[in-house]
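K.L.:
model_22.cif is reproduced below (mmCIF, N, CA and C atoms).
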```cif
data_query
loop_
_atom_site.label_atom_id
_atom_site.label_comp_id
_atom_site.auth_asym_id
_atom_site.auth_seq_id
_atom_site.Cartn_x
_atom_site.Cartn_y
_atom_site.Cartn_z
N MET D 1 -127.78 108.21 -80.88
CA MET D 1 -126.47 108.61 -80.38
C MET D 1 -126.65 109.75 -79.40
N PRO D 2 -126.11 109.62 -78.21
CA PRO D 2 -126.29 110.63 -77.17
C PRO D 2 -125.81 112.03 -77.56
N LEU D 3 -124.72 112.13 -78.32
CA LEU D 3 -124.24 113.46 -78.70
C LEU D 3 -125.06 114.05 -79.83
N ALA D 4 -125.49 113.23 -80.75
CA ALA D 4 -126.27 113.71 -81.88
C ALA D 4 -127.70 114.03 -81.47
N HIS D 5 -128.20 113.29 -80.51
CA HIS D 5 -129.56 113.49 -80.04
C HIS D 5 -129.54 113.55 -78.51
N PRO D 6 -129.62 114.76 -77.96
CA PRO D 6 -129.56 114.88 -76.50
C PRO D 6 -130.78 114.23 -75.84
N PRO D 7 -130.68 113.96 -74.53
CA PRO D 7 -131.82 113.38 -73.83
C PRO D 7 -133.07 114.25 -73.98
N VAL D 8 -134.22 113.60 -73.98
CA VAL D 8 -135.50 114.30 -74.03
C VAL D 8 -136.10 114.19 -72.64
N VAL D 9 -136.57 115.30 -72.11
CA VAL D 9 -137.16 115.30 -70.78
C VAL D 9 -138.68 115.36 -70.92
N LEU D 10 -139.32 114.36 -70.35
CA LEU D 10 -140.79 114.29 -70.33
C LEU D 10 -141.23 114.06 -68.89
N GLY D 11 -142.05 114.93 -68.39
CA GLY D 11 -142.53 114.77 -67.01
C GLY D 11 -141.41 114.73 -66.00
N GLY D 12 -140.34 115.47 -66.26
CA GLY D 12 -139.21 115.52 -65.35
C GLY D 12 -138.27 114.32 -65.43
N ILE D 13 -138.54 113.41 -66.37
CA ILE D 13 -137.69 112.22 -66.52
C ILE D 13 -136.92 112.35 -67.83
N SER D 14 -135.61 112.09 -67.76
CA SER D 14 -134.73 112.17 -68.92
C SER D 14 -134.73 110.85 -69.66
N TYR D 15 -134.99 110.89 -70.98
CA TYR D 15 -134.98 109.70 -71.82
C TYR D 15 -133.86 109.80 -72.85
N ILE D 16 -133.20 108.66 -73.12
CA ILE D 16 -132.13 108.63 -74.11
C ILE D 16 -132.47 107.60 -75.18
N ASP D 17 -131.65 107.57 -76.21
CA ASP D 17 -131.79 106.59 -77.29
C ASP D 17 -131.88 105.19 -76.69
N GLY D 18 -132.95 104.46 -76.98
CA GLY D 18 -133.15 103.12 -76.43
C GLY D 18 -132.09 102.13 -76.87
N GLY D 19 -131.41 102.43 -77.96
CA GLY D 19 -130.35 101.55 -78.45
C GLY D 19 -129.19 101.43 -77.48
N LEU D 20 -129.07 102.36 -76.56
CA LEU D 20 -128.00 102.26 -75.57
C LEU D 20 -128.36 101.27 -74.47
N SER D 21 -129.61 101.27 -74.06
CA SER D 21 -129.99 100.40 -72.95
C SER D 21 -130.42 99.02 -73.41
N ASP D 22 -130.97 98.92 -74.62
CA ASP D 22 -131.40 97.62 -75.15
C ASP D 22 -131.17 97.62 -76.65
N THR D 23 -129.94 97.36 -77.03
CA THR D 23 -129.51 97.46 -78.42
C THR D 23 -130.33 96.62 -79.38
N LEU D 24 -130.73 95.45 -78.95
CA LEU D 24 -131.49 94.53 -79.79
C LEU D 24 -132.60 93.93 -78.92
N PRO D 25 -133.75 94.58 -78.87
CA PRO D 25 -134.78 94.20 -77.88
C PRO D 25 -135.60 92.96 -78.23
N PHE D 26 -134.95 91.81 -78.18
CA PHE D 26 -135.65 90.55 -78.46
C PHE D 26 -136.07 89.82 -77.20
N GLN D 27 -135.52 90.18 -76.06
CA GLN D 27 -135.80 89.47 -74.82
C GLN D 27 -137.28 89.50 -74.44
N LYS D 28 -137.95 90.60 -74.68
CA LYS D 28 -139.37 90.72 -74.36
C LYS D 28 -140.18 89.72 -75.17
N ALA D 29 -139.90 89.60 -76.46
CA ALA D 29 -140.62 88.65 -77.31
C ALA D 29 -140.37 87.22 -76.84
N LEU D 30 -139.14 86.92 -76.46
CA LEU D 30 -138.83 85.57 -75.95
C LEU D 30 -139.57 85.32 -74.64
N ALA D 31 -139.57 86.32 -73.77
CA ALA D 31 -140.26 86.19 -72.48
C ALA D 31 -141.77 86.02 -72.67
N ASP D 32 -142.30 86.62 -73.71
CA ASP D 32 -143.73 86.49 -74.00
C ASP D 32 -144.08 85.14 -74.61
N GLY D 33 -143.06 84.30 -74.89
CA GLY D 33 -143.31 82.94 -75.33
C GLY D 33 -143.45 82.73 -76.83
N TYR D 34 -143.00 83.67 -77.64
CA TYR D 34 -143.09 83.48 -79.08
C TYR D 34 -142.22 82.30 -79.51
N ASP D 35 -142.73 81.52 -80.49
CA ASP D 35 -141.99 80.36 -80.99
C ASP D 35 -140.75 80.77 -81.76
N GLU D 36 -140.85 81.86 -82.50
CA GLU D 36 -139.73 82.38 -83.28
C GLU D 36 -139.75 83.90 -83.22
N VAL D 37 -138.56 84.47 -83.22
CA VAL D 37 -138.42 85.92 -83.25
C VAL D 37 -137.40 86.25 -84.33
N VAL D 38 -137.79 87.06 -85.29
CA VAL D 38 -136.86 87.48 -86.34
C VAL D 38 -136.14 88.74 -85.86
N VAL D 39 -134.83 88.67 -85.83
CA VAL D 39 -133.99 89.76 -85.35
C VAL D 39 -133.21 90.33 -86.53
N VAL D 40 -133.26 91.65 -86.69
CA VAL D 40 -132.47 92.32 -87.72
C VAL D 40 -131.32 93.01 -86.99
N TYR D 41 -130.11 92.57 -87.29
CA TYR D 41 -128.92 93.05 -86.57
C TYR D 41 -127.91 93.55 -87.59
N ASN D 42 -127.33 94.71 -87.33
CA ASN D 42 -126.41 95.31 -88.30
C ASN D 42 -124.95 94.93 -88.09
N LYS D 43 -124.71 93.92 -87.28
CA LYS D 43 -123.35 93.47 -87.05
C LYS D 43 -123.20 92.03 -87.55
N PRO D 44 -122.11 91.73 -88.26
CA PRO D 44 -121.92 90.36 -88.76
C PRO D 44 -121.63 89.40 -87.62
N SER D 45 -121.82 88.13 -87.87
CA SER D 45 -121.50 87.11 -86.88
C SER D 45 -120.03 87.23 -86.50
N GLY D 46 -119.75 87.13 -85.22
CA GLY D 46 -118.37 87.25 -84.76
C GLY D 46 -117.90 88.68 -84.59
N PHE D 47 -118.83 89.65 -84.69
CA PHE D 47 -118.46 91.06 -84.53
C PHE D 47 -117.73 91.25 -83.20
N LEU D 48 -116.62 91.94 -83.26
CA LEU D 48 -115.86 92.23 -82.05
C LEU D 48 -115.47 93.69 -82.08
N ALA D 49 -115.94 94.42 -81.10
CA ALA D 49 -115.56 95.83 -80.98
C ALA D 49 -114.13 95.88 -80.45
N GLY D 50 -113.27 96.55 -81.16
CA GLY D 50 -111.86 96.59 -80.79
C GLY D 50 -111.47 97.80 -79.97
N GLU D 51 -110.17 98.01 -79.87
CA GLU D 51 -109.62 99.10 -79.06
C GLU D 51 -110.08 100.46 -79.56
N ARG D 52 -110.13 100.62 -80.89
CA ARG D 52 -110.58 101.89 -81.47
C ARG D 52 -112.01 102.20 -81.03
N TYR D 53 -112.82 101.17 -80.99
CA TYR D 53 -114.21 101.32 -80.56
C TYR D 53 -114.27 101.73 -79.08
N ASP D 54 -113.44 101.08 -78.25
CA ASP D 54 -113.39 101.42 -76.83
C ASP D 54 -113.02 102.88 -76.65
N THR D 55 -112.01 103.34 -77.38
CA THR D 55 -111.55 104.73 -77.29
C THR D 55 -112.67 105.68 -77.70
N PHE D 56 -113.36 105.34 -78.80
CA PHE D 56 -114.46 106.16 -79.28
C PHE D 56 -115.55 106.26 -78.21
N CYS D 57 -115.92 105.13 -77.61
CA CYS D 57 -116.96 105.13 -76.59
C CYS D 57 -116.54 105.91 -75.36
N ASP D 58 -115.28 105.77 -74.96
CA ASP D 58 -114.78 106.54 -73.81
C ASP D 58 -114.86 108.04 -74.08
N MET D 59 -114.48 108.45 -75.28
CA MET D 59 -114.54 109.87 -75.62
C MET D 59 -115.99 110.33 -75.70
N LEU D 60 -116.83 109.51 -76.29
CA LEU D 60 -118.24 109.84 -76.42
C LEU D 60 -118.90 110.00 -75.04
N ALA D 61 -118.48 109.20 -74.10
CA ALA D 61 -119.09 109.20 -72.77
C ALA D 61 -118.72 110.43 -71.93
N LEU D 62 -117.63 111.09 -72.29
CA LEU D 62 -117.21 112.27 -71.53
C LEU D 62 -118.29 113.34 -71.57
N GLY D 63 -118.63 113.86 -70.44
CA GLY D 63 -119.58 114.96 -70.38
C GLY D 63 -121.04 114.55 -70.45
N LEU D 64 -121.30 113.25 -70.61
CA LEU D 64 -122.69 112.78 -70.64
C LEU D 64 -123.19 112.58 -69.21
N PRO D 65 -124.48 112.61 -69.02
CA PRO D 65 -125.00 112.27 -67.68
C PRO D 65 -124.48 110.90 -67.25
N LYS D 66 -124.37 110.71 -65.96
CA LYS D 66 -123.73 109.51 -65.39
C LYS D 66 -124.32 108.21 -65.94
N GLN D 67 -125.64 108.07 -65.96
CA GLN D 67 -126.25 106.82 -66.43
C GLN D 67 -125.99 106.60 -67.91
N THR D 68 -126.07 107.65 -68.71
CA THR D 68 -125.82 107.54 -70.15
C THR D 68 -124.36 107.19 -70.40
N SER D 69 -123.47 107.82 -69.67
CA SER D 69 -122.04 107.55 -69.80
C SER D 69 -121.75 106.08 -69.50
N TYR D 70 -122.37 105.54 -68.47
CA TYR D 70 -122.17 104.13 -68.11
C TYR D 70 -122.61 103.23 -69.27
N LEU D 71 -123.78 103.51 -69.84
CA LEU D 71 -124.30 102.69 -70.93
C LEU D 71 -123.36 102.72 -72.14
N VAL D 72 -122.86 103.90 -72.47
CA VAL D 72 -121.96 104.04 -73.62
C VAL D 72 -120.68 103.26 -73.39
N ARG D 73 -120.13 103.38 -72.19
CA ARG D 73 -118.86 102.70 -71.90
C ARG D 73 -118.99 101.18 -71.85
N HIS D 74 -120.19 100.69 -71.65
CA HIS D 74 -120.38 99.24 -71.53
C HIS D 74 -121.05 98.61 -72.76
N LEU D 75 -121.13 99.36 -73.84
CA LEU D 75 -121.73 98.83 -75.06
C LEU D 75 -121.00 97.58 -75.56
N LYS D 76 -119.68 97.60 -75.47
CA LYS D 76 -118.88 96.46 -75.96
C LYS D 76 -119.31 95.17 -75.26
N PHE D 77 -119.49 95.22 -73.96
CA PHE D 77 -119.89 94.03 -73.20
C PHE D 77 -121.32 93.63 -73.57
N HIS D 78 -122.15 94.62 -73.82
CA HIS D 78 -123.52 94.35 -74.23
C HIS D 78 -123.53 93.63 -75.58
N TYR D 79 -122.69 94.07 -76.53
CA TYR D 79 -122.58 93.39 -77.82
C TYR D 79 -122.13 91.95 -77.66
N GLN D 80 -121.20 91.70 -76.75
CA GLN D 80 -120.71 90.34 -76.52
C GLN D 80 -121.82 89.45 -75.97
N GLU D 81 -122.63 89.98 -75.08
CA GLU D 81 -123.75 89.22 -74.53
C GLU D 81 -124.79 88.92 -75.60
N ILE D 82 -125.08 89.91 -76.44
CA ILE D 82 -126.02 89.72 -77.54
C ILE D 82 -125.53 88.59 -78.45
N GLN D 83 -124.25 88.60 -78.79
CA GLN D 83 -123.69 87.58 -79.67
C GLN D 83 -123.89 86.18 -79.09
N LYS D 84 -123.67 86.03 -77.79
CA LYS D 84 -123.86 84.73 -77.13
C LYS D 84 -125.30 84.25 -77.27
N VAL D 85 -126.25 85.15 -76.99
CA VAL D 85 -127.66 84.77 -77.06
C VAL D 85 -128.06 84.43 -78.49
N LEU D 86 -127.61 85.23 -79.45
CA LEU D 86 -127.95 84.97 -80.85
C LEU D 86 -127.45 83.61 -81.31
N GLU D 87 -126.31 83.19 -80.80
CA GLU D 87 -125.74 81.89 -81.17
C GLU D 87 -126.41 80.72 -80.45
N GLN D 88 -126.96 80.97 -79.27
CA GLN D 88 -127.45 79.87 -78.44
C GLN D 88 -128.96 79.71 -78.41
N GLU D 89 -129.72 80.75 -78.74
CA GLU D 89 -131.18 80.70 -78.63
C GLU D 89 -131.80 80.27 -79.95
N PRO D 90 -132.33 79.04 -80.02
CA PRO D 90 -132.86 78.53 -81.28
C PRO D 90 -134.12 79.24 -81.78
N ARG D 91 -134.81 79.96 -80.91
CA ARG D 91 -136.02 80.67 -81.34
C ARG D 91 -135.70 81.95 -82.10
N LEU D 92 -134.45 82.40 -82.03
CA LEU D 92 -134.06 83.62 -82.73
C LEU D 92 -133.62 83.31 -84.15
N LYS D 93 -134.21 83.97 -85.09
CA LYS D 93 -133.85 83.87 -86.51
C LYS D 93 -133.26 85.22 -86.88
N VAL D 94 -132.01 85.24 -87.30
CA VAL D 94 -131.27 86.50 -87.43
C VAL D 94 -131.00 86.86 -88.89
N ILE D 95 -131.35 88.10 -89.23
CA ILE D 95 -130.95 88.69 -90.50
C ILE D 95 -129.80 89.62 -90.16
N ARG D 96 -128.65 89.37 -90.77
CA ARG D 96 -127.46 90.19 -90.47
C ARG D 96 -126.51 90.16 -91.66
N PRO D 97 -125.62 91.16 -91.73
CA PRO D 97 -124.66 91.17 -92.84
C PRO D 97 -123.67 90.01 -92.71
N LYS D 98 -123.20 89.55 -93.86
CA LYS D 98 -122.20 88.48 -93.87
C LYS D 98 -120.80 89.03 -93.57
N VAL D 99 -120.61 90.30 -93.88
CA VAL D 99 -119.31 90.96 -93.65
C VAL D 99 -119.56 92.29 -92.94
N GLN D 100 -118.48 92.85 -92.42
CA GLN D 100 -118.56 94.15 -91.75
C GLN D 100 -119.10 95.20 -92.71
N LEU D 101 -119.97 96.06 -92.22
CA LEU D 101 -120.51 97.14 -93.05
C LEU D 101 -119.38 98.08 -93.48
N PRO D 102 -119.50 98.68 -94.66
CA PRO D 102 -118.42 99.51 -95.20
C PRO D 102 -118.35 100.92 -94.61
N LEU D 103 -118.91 101.15 -93.45
CA LEU D 103 -118.88 102.47 -92.84
C LEU D 103 -117.53 102.72 -92.17
N LYS D 104 -117.12 103.99 -92.19
CA LYS D 104 -115.85 104.36 -91.54
C LYS D 104 -116.01 104.45 -90.03
N SER D 105 -117.21 104.80 -89.57
CA SER D 105 -117.51 104.87 -88.14
C SER D 105 -119.03 104.84 -88.00
N ILE D 106 -119.50 104.80 -86.77
CA ILE D 106 -120.95 104.81 -86.56
C ILE D 106 -121.56 106.17 -86.86
N LEU D 107 -120.71 107.16 -87.09
CA LEU D 107 -121.18 108.50 -87.43
C LEU D 107 -120.99 108.82 -88.91
N ASP D 108 -120.64 107.82 -89.71
CA ASP D 108 -120.37 108.02 -91.14
C ASP D 108 -121.62 108.55 -91.84
N THR D 109 -121.44 109.61 -92.64
CA THR D 109 -122.57 110.19 -93.38
C THR D 109 -122.37 110.11 -94.89
N ASN D 110 -121.36 109.37 -95.34
CA ASN D 110 -121.07 109.25 -96.76
C ASN D 110 -122.22 108.50 -97.44
N LYS D 111 -122.87 109.17 -98.39
CA LYS D 111 -124.06 108.59 -99.03
C LYS D 111 -123.77 107.29 -99.76
N ALA D 112 -122.63 107.21 -100.41
CA ALA D 112 -122.29 105.98 -101.16
C ALA D 112 -122.15 104.80 -100.19
N ARG D 113 -121.46 105.01 -99.06
CA ARG D 113 -121.29 103.92 -98.09
C ARG D 113 -122.62 103.58 -97.42
N LEU D 114 -123.43 104.59 -97.11
CA LEU D 114 -124.74 104.33 -96.51
C LEU D 114 -125.63 103.55 -97.48
N ASN D 115 -125.61 103.95 -98.76
CA ASN D 115 -126.40 103.23 -99.76
C ASN D 115 -125.90 101.80 -99.94
N ALA D 116 -124.59 101.61 -99.84
CA ALA D 116 -124.04 100.26 -99.93
C ALA D 116 -124.55 99.41 -98.77
N CYS D 117 -124.67 100.01 -97.60
CA CYS D 117 -125.21 99.28 -96.43
C CYS D 117 -126.67 98.90 -96.66
N VAL D 118 -127.44 99.81 -97.21
CA VAL D 118 -128.85 99.51 -97.50
C VAL D 118 -128.94 98.37 -98.51
N ASP D 119 -128.13 98.43 -99.56
CA ASP D 119 -128.12 97.37 -100.57
C ASP D 119 -127.73 96.02 -99.96
N MET D 120 -126.73 96.05 -99.08
CA MET D 120 -126.33 94.81 -98.39
C MET D 120 -127.48 94.27 -97.56
N GLY D 121 -128.18 95.16 -96.87
CA GLY D 121 -129.30 94.75 -96.03
C GLY D 121 -130.41 94.12 -96.84
N ILE D 122 -130.71 94.70 -97.99
CA ILE D 122 -131.75 94.14 -98.86
C ILE D 122 -131.35 92.75 -99.34
N ALA D 123 -130.09 92.60 -99.76
CA ALA D 123 -129.61 91.30 -100.24
C ALA D 123 -129.63 90.26 -99.11
N ASP D 124 -129.20 90.65 -97.92
CA ASP D 124 -129.19 89.73 -96.78
C ASP D 124 -130.60 89.33 -96.38
N ALA D 125 -131.55 90.28 -96.42
CA ALA D 125 -132.94 89.97 -96.09
C ALA D 125 -133.54 89.00 -97.11
N LYS D 126 -133.24 89.22 -98.39
CA LYS D 126 -133.74 88.31 -99.43
C LYS D 126 -133.19 86.90 -99.23
N GLU D 127 -131.91 86.80 -98.94
CA GLU D 127 -131.28 85.50 -98.69
C GLU D 127 -131.92 84.82 -97.47
N PHE D 128 -132.14 85.59 -96.41
CA PHE D 128 -132.77 85.06 -95.21
C PHE D 128 -134.16 84.50 -95.55
N LEU D 129 -134.95 85.29 -96.26
CA LEU D 129 -136.31 84.87 -96.59
C LEU D 129 -136.32 83.62 -97.47
N ARG D 130 -135.39 83.55 -98.42
CA ARG D 130 -135.29 82.37 -99.28
C ARG D 130 -134.96 81.13 -98.43
N THR D 131 -133.98 81.24 -97.57
CA THR D 131 -133.57 80.13 -96.71
C THR D 131 -134.69 79.76 -95.73
N TYR D 132 -135.29 80.76 -95.14
CA TYR D 132 -136.36 80.54 -94.16
C TYR D 132 -137.53 79.82 -94.83
N HIS D 133 -137.88 80.28 -96.02
CA HIS D 133 -138.99 79.65 -96.76
C HIS D 133 -138.66 78.20 -97.09
N GLN D 134 -137.44 77.94 -97.50
CA GLN D 134 -137.03 76.56 -97.82
C GLN D 134 -137.10 75.66 -96.58
N GLU D 135 -136.67 76.19 -95.44
CA GLU D 135 -136.73 75.41 -94.19
C GLU D 135 -138.17 75.09 -93.83
N ARG D 136 -139.04 76.07 -93.95
CA ARG D 136 -140.46 75.87 -93.63
C ARG D 136 -141.11 74.88 -94.60
N THR D 137 -140.78 75.01 -95.86
CA THR D 137 -141.36 74.13 -96.86
C THR D 137 -140.91 72.70 -96.63
N SER D 138 -139.64 72.49 -96.30
CA SER D 138 -139.13 71.13 -96.10
C SER D 138 -139.73 70.50 -94.85
N VAL D 139 -140.03 71.27 -93.82
CA VAL D 139 -140.64 70.74 -92.61
C VAL D 139 -142.03 70.21 -92.92
N PHE D 140 -142.81 70.99 -93.69
CA PHE D 140 -144.18 70.61 -93.97
C PHE D 140 -144.30 69.57 -95.08
N SER D 141 -143.25 69.39 -95.87
CA SER D 141 -143.33 68.39 -96.95
C SER D 141 -142.69 67.07 -96.55
N ASN D 142 -142.11 66.99 -95.37
CA ASN D 142 -141.47 65.76 -94.90
C ASN D 142 -142.55 64.80 -94.40
N PRO D 143 -142.73 63.64 -95.04
CA PRO D 143 -143.78 62.71 -94.64
C PRO D 143 -143.54 62.09 -93.26
N HIS D 144 -142.31 62.16 -92.76
CA HIS D 144 -142.00 61.58 -91.47
C HIS D 144 -142.25 62.54 -90.31
N MET D 145 -142.58 63.77 -90.65
CA MET D 145 -142.86 64.76 -89.62
C MET D 145 -144.36 64.81 -89.39
N SER D 146 -144.76 64.93 -88.16
CA SER D 146 -146.19 65.10 -87.89
C SER D 146 -146.39 66.33 -87.04
N LEU D 147 -147.47 67.00 -87.27
CA LEU D 147 -147.83 68.17 -86.46
C LEU D 147 -148.83 67.71 -85.41
N LYS D 148 -148.51 67.98 -84.18
CA LYS D 148 -149.43 67.55 -83.10
C LYS D 148 -150.04 68.76 -82.45
#
```
How does this structure look as C-alpha cells?
P.N.:
Amino acid sequence: MPLAHPPVVLGGISYIDGGLSDTLPFQKALADGYDEVVVVYNKPSGFLAGERYDTFCDMLALGLPKQTSYLVRHLKFHYQEIQKVLEQEPRLKVIRPKVQLPLKSILDTNKARLNACVDMGIADAKEFLRTYHQERTSVFSNPHMSLK
C-alpha cells in the first residue's frame, strides 16, 4: 500500500509496491510457455470493485507521486482485466475464495477477521488440491487417453 509503505529509492529510482503495477503476475509464466500456472488470488470469482472502492482509491491517490497515483486510480480496471484472463486462459489454475473475504477494508487489522481469511485460504487451497489431484488422476487412469 503506497501510504503504508512509501516508495523506496534505490540508485535514484523510486520503487513502489509491485501489487499496484502487476497485481497478479502470471503473464510472465504464460509468456515463458508453462503448461499450467497456479494462481493464488484473494478475490472471489465475479469480484467487482464498487463505488466505495473507487472513492477509497481516489482518496488514497491524493498526494502520491503522479505514476503511483495513476496506478491506484486504475486498479479497478486492472482487476476487471485480470478477471477476464482468469476466466478465459485454460493454463491458469486458480485458488481463490468462494465468497468475499470478511475484511472491512483493505486496511483492516482486526485479528479475528484476518485469521478468518487465513482459515478460508487454507480451506480453499485444500479443496483446490483435492480437485486438482482428482483431475490429474482421472486423466492418467483413462484408458482412452494416450500421452504422446
K.L.:
Selection in question (the file shown): the PyMOL selection byres (((chain D and resi 111-117 and name CA) around 12) and name CA). Which residues does it include, as a ChimeraX atom specification?
P.N.:
/D:42-43,96-110,118-124
K.L.:
Just list the residues in region 73-109 of chain D DSSP gives alpha helix (DSSP H) on the backbone, as number ranges by chain.
P.N.:
D: 73, 75-88
K.L.:
Would you mind reading off the distance between atom C of Leu60 (chain D) and atom C of Arg73 (chain D), one decimal, in Å?
P.N.:
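Here the two named atoms are 9.4 Å from each other.
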K.L.:
I need the residue nearest Pro7 (chain D) from this list: D:His74, D:Phe128, D:Leu24, D:Thr68. Use only C-alpha atoms for the distance.
P.N.:
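Looking only at the distances to Pro7 (chain D), the closest residue turns out to be D:Thr68.
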K.L.:
What separation in Å, quoted to one decimal, exists between CA of Thr131 (chain D) and CA of Val39 (chain D)?
P.N.:
14.9 Å
K.L.:
Tell me, in Å to one decimal, how far CA of Val8 (chain D) is from CA of Gln67 (chain D).
P.N.:
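It comes out at 14.1 Å.
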K.L.:
Quick one: of D:Tyr15, D:Ala29, D:Pro44, D:Leu75, who's nearest to Asp58 (chain D), counting only C-alpha atoms?
P.N.:
D:Leu75
K.L.:
When DSSP works through the backbone of this structure, what residues of region 22-80 of chain D end up as strand (DSSP E), shown as a PDB file with N, CA and C atoms, in the frame of the given file?
P.N.:
```
ATOM      1  N   VAL D  37    -138.560  84.470 -83.220  1.00  0.00           N
ATOM      2  CA  VAL D  37    -138.420  85.920 -83.250  1.00  0.00           C
ATOM      3  C   VAL D  37    -137.400  86.250 -84.330  1.00  0.00           C
ATOM      4  N   VAL D  38    -137.790  87.060 -85.290  1.00  0.00           N
ATOM      5  CA  VAL D  38    -136.860  87.480 -86.340  1.00  0.00           C
ATOM      6  C   VAL D  38    -136.140  88.740 -85.860  1.00  0.00           C
ATOM      7  N   VAL D  39    -134.830  88.670 -85.830  1.00  0.00           N
ATOM      8  CA  VAL D  39    -133.990  89.760 -85.350  1.00  0.00           C
ATOM      9  C   VAL D  39    -133.210  90.330 -86.530  1.00  0.00           C
ATOM     10  N   VAL D  40    -133.260  91.650 -86.690  1.00  0.00           N
ATOM     11  CA  VAL D  40    -132.470  92.320 -87.720  1.00  0.00           C
ATOM     12  C   VAL D  40    -131.320  93.010 -86.990  1.00  0.00           C
TER      13      VAL D  40
END
```
K.L.:
For Leu86 (chain D), find every residue with an atom within 12 Å (counting only C-alpha atoms), except residues of its own chain fewer than 6 positions away, and show them as an MDAnalysis selection string.
P.N.:
chainID D and resid 24:27 30 37:41 43:47 79:80 92:96
K.L.:
Assuming the chain letters and numbering stay as they are in my file, what does the PyMOL selection byres ((chain D and resi 35) around 7) actually select? List them as a list in words.
P.N.:
Gly33, Tyr34, Glu36, Val37, Pro90, Arg91 and Leu92 of chain D
K.L.:
Any chance you can output those residues with N, CA and C atoms as a compact mmCIF listing (two decimals), in the coordinates of the input?
P.N.:
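Printed below is selection-v8.txt as written:
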```
# COMPACT_ATOMS: atom_id res chain seq x y z
N GLY D 33 -143.06 84.30 -74.89
CA GLY D 33 -143.31 82.94 -75.33
C GLY D 33 -143.45 82.73 -76.83
N TYR D 34 -143.00 83.67 -77.64
CA TYR D 34 -143.09 83.48 -79.08
C TYR D 34 -142.22 82.30 -79.51
N GLU D 36 -140.85 81.86 -82.50
CA GLU D 36 -139.73 82.38 -83.28
C GLU D 36 -139.75 83.90 -83.22
N VAL D 37 -138.56 84.47 -83.22
CA VAL D 37 -138.42 85.92 -83.25
C VAL D 37 -137.40 86.25 -84.33
N PRO D 90 -132.33 79.04 -80.02
CA PRO D 90 -132.86 78.53 -81.28
C PRO D 90 -134.12 79.24 -81.78
N ARG D 91 -134.81 79.96 -80.91
CA ARG D 91 -136.02 80.67 -81.34
C ARG D 91 -135.70 81.95 -82.10
N LEU D 92 -134.45 82.40 -82.03
CA LEU D 92 -134.06 83.62 -82.73
C LEU D 92 -133.62 83.31 -84.15
```
